[in-house]
Every structure is written in structure tokens, then in C-alpha cells.
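One structure below.
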Amino acid sequence: MFSVTVRDHMMIAHSFRGDVFGPAQRLHGATYVVDATFRRAALDADNIVVDIGRATELLHEVLAELTYRNLDEIPEFSGVNTSTEMLAKLVADRLAAQVHDGALGDGGRELAEIAVILHESHIASAGYERPL
């Protein structure tokens, strides 16, 4: 399996519900370094997985919908614990939807998987992988 990984970041604010989250139940900020990996079994006719520049732009576009936002104020997330794991899945699903809609052109047709990792710090991260 071949892969290409692109990186961006996002800064959000949110709070959690439930004692398991301790002080994070209060409104707080988080800055994530976000890696999106695109995988396919064989290289295309140009010997690439996907256009790296377009994949970088696509990740940026998906993250822009969340960046500098208080997720508690977005109706879609009302009553939802926007954990790092949940956000990794959300980003992967939104990337997958864009790929299915042709955002990566013909290069996206042969992709097998997308994996997203949100790095909270140099010692903690969470991710989600999904087929296309």
C-alpha cells in the first residue's frame, strides 16, 4: 500500500460533559496538528498516490470549517463531546465525502483509505482510519 501524508493545523475551543473529563468540562482551547494520509494499492500513471498540493488544499478547506471556532456554539455539535477521537473521525469523513465528490480529480478514484491523526501535543494523539 502506497501513501501520501499532508499536514495542517487547527485551533478550536470547546468543553466536555462528564466527570471523566475533569477540568476540561470548562471551556478551553486546543491546537491540533492534523495529519491526513491517503492510501492506494498502486501508483497512478504518473507514479503518484495523489496530487500532494491538492490534498494539502483539501485538508486546509476541511479544517477551515472548524478552525477558530467554539465548537460548543455549532448546532451540529450541540450536546456532543467533541473529543480528539471524534474530531479525527469527523475530519476523515469530511475528507472522504470531498474525495467522493471529485475534489482530488481522477487521482481520488483509486484511493483505498484515508487516515487522520490529530496531535494534541508531542506525547498524545488520536486518529481514525476509514476505507473509501
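Following the order of the C-alpha cells, chains are lettered A, B, ..., residues in each are numbered from 1, and ligands are numbered from 1.
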
**Request:** Fewer than 3 positions away in the same chain doesn't count, so skip those; otherwise give me all residues within 8 Å of Arg26 (chain A), counting only C-alpha atoms, as number ranges by chain.
**Result:** A: 15-16, 23

**Asked** Given the choices A:Thr31, A:Ser78, A:Thr84, A:Ser3, which gets closest to Ile48 (chain A) if the distance is worked out from only C-alpha atoms?
**Response** A:Ser3

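Excluding Ser125 (chain A) itself and any same-chain residue fewer than 3 positions from it, the protein and nucleic acid residues within 10 Å of it, counting only C-alpha atoms, are A:Tyr32, A:Val33, A:Val34, A:Thr84, A:Glu85, A:Ala88, A:Ile117, A:Leu118, A:His119, A:Glu120, A:Ser121, A:His122.
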
**Request:** Find the spatial neighbours of Met86 (chain A), counting only C-alpha atoms, within a cut-off of 12 Å - ignore same-chain residues fewer than 6 positions away - and output them as a PyMOL selection string.
**Result:** chain A and resi 77+80+92-93+116-118+126-129

Atoms kept (N, CA and C atoms) for selection, written as a CSV table (one decimal), in the first residue's frame:
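As written to disk, part_13.csv reads:
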```
chain,number,residue,atom,x,y,z
A,77,PHE,N,-22.9,20.2,16.8
A,77,PHE,CA,-22.2,19.6,17.9
A,77,PHE,C,-22.9,19.8,19.3
A,80,VAL,N,-22.7,17.2,22.2
A,80,VAL,CA,-21.7,16.2,21.7
A,80,VAL,C,-20.4,16.5,22.4
A,92,ALA,N,-11.9,12.9,8.9
A,92,ALA,CA,-11.7,11.8,7.9
A,92,ALA,C,-13.0,11.7,7.0
A,93,ASP,N,-14.1,11.7,7.7
A,93,ASP,CA,-15.4,11.6,7.0
A,93,ASP,C,-15.6,12.7,6.0
A,116,VAL,N,-6.7,9.8,9.5
A,116,VAL,CA,-6.5,11.2,10.1
A,116,VAL,C,-6.0,11.0,11.5
A,117,ILE,N,-4.9,11.8,11.8
A,117,ILE,CA,-4.4,11.8,13.2
A,117,ILE,C,-4.4,13.2,13.6
A,118,LEU,N,-5.0,13.5,14.8
A,118,LEU,CA,-4.9,14.8,15.4
A,118,LEU,C,-3.9,14.7,16.6
A,126,ALA,N,-4.7,11.2,18.6
A,126,ALA,CA,-5.8,10.2,18.4
A,126,ALA,C,-6.0,10.2,16.9
A,127,GLY,N,-6.5,9.1,16.4
A,127,GLY,CA,-6.7,9.0,15.0
A,127,GLY,C,-7.9,8.1,14.6
A,128,TYR,N,-8.2,8.2,13.3
A,128,TYR,CA,-9.3,7.4,12.7
A,128,TYR,C,-8.9,7.0,11.3
A,129,GLU,N,-9.1,5.8,10.9
A,129,GLU,CA,-8.9,5.3,9.6
A,129,GLU,C,-10.2,4.8,9.0
```

What are the closest atom pairs, with distances in Å to one decimal, for each residue of region 52-71 of chain A lying within 8 Å of region 96-106 of chain A, using only C-alpha atoms, rows by chain and rising residue number, as a tab-separated table?
```
residue	atom	partner	partner_atom	distance
A:Arg54	CA	A:Leu104	CA	6.5
A:Ala55	CA	A:Leu104	CA	6.9
A:Leu58	CA	A:Ala103	CA	7.4
```

**Request:** Kindly indicate which residue among A:Ile74, A:Leu111, A:Met11, A:Leu63 lies nearest to Leu90 (chain A), using only C-alpha atoms for the distances.
**Result:** A:Leu63

**Request:** Could you pull out the residues in region 7-122 of chain A that DSSP calls helix (DSSP H, G or I) from the backbone, as a VMD selection string?
**Result:** chain A and resid 19 to 25 52 to 64 71 to 73 75 to 77 84 to 100 105 to 108

**Request:** Grab the CA of Val62 (chain A) to CA of Leu87 (chain A) distance for me, in Å with one decimal place.
**Result:** 11.5 Å

**Message:** Excluding Arg39 (chain A) and its own-chain neighbours fewer than 3 positions away, which residues fall within 7 Å of it when counting only C-alpha atoms? Please give them as a list in words.
**Reply:** Met1, Phe2, Ser3, Val4, Val49, Leu111, Ala112, Glu113 and Ile114 of chain A

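Among the candidates A:Arg130, A:Leu95, A:Arg7, A:Phe21, the one nearest to Gly53 (chain A) when counting only C-alpha atoms is A:Arg7.
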
List the spatial neighbours of His28 (chain A) as a PDB file with N, CA and C atoms, in the first residue's frame - criterion: any atom at most 9 Å away, only C-alpha atoms, same-chain residues fewer than 6 positions off excluded.
```
ATOM      1  N   ILE A  12      -9.206  25.298  18.080  1.00  0.00           N
ATOM      2  CA  ILE A  12     -10.633  25.309  18.406  1.00  0.00           C
ATOM      3  C   ILE A  12     -10.816  25.596  19.894  1.00  0.00           C
ATOM      4  N   ALA A  13     -12.040  25.900  20.263  1.00  0.00           N
ATOM      5  CA  ALA A  13     -12.437  25.979  21.669  1.00  0.00           C
ATOM      6  C   ALA A  13     -13.601  25.018  21.838  1.00  0.00           C
ATOM      7  N   HIS A  14     -13.707  24.412  23.006  1.00  0.00           N
ATOM      8  CA  HIS A  14     -14.822  23.511  23.307  1.00  0.00           C
ATOM      9  C   HIS A  14     -14.815  23.171  24.797  1.00  0.00           C
ATOM     10  N   SER A  15     -15.871  22.514  25.207  1.00  0.00           N
ATOM     11  CA  SER A  15     -15.945  21.997  26.577  1.00  0.00           C
ATOM     12  C   SER A  15     -16.533  20.592  26.501  1.00  0.00           C
TER      13      SER A  15
END
```

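Using only C-alpha atoms, the nearest neighbour of Pro131 (chain A) within the list A:Gly18, A:Lys89, A:Thr82, A:Gly107 is A:Lys89.
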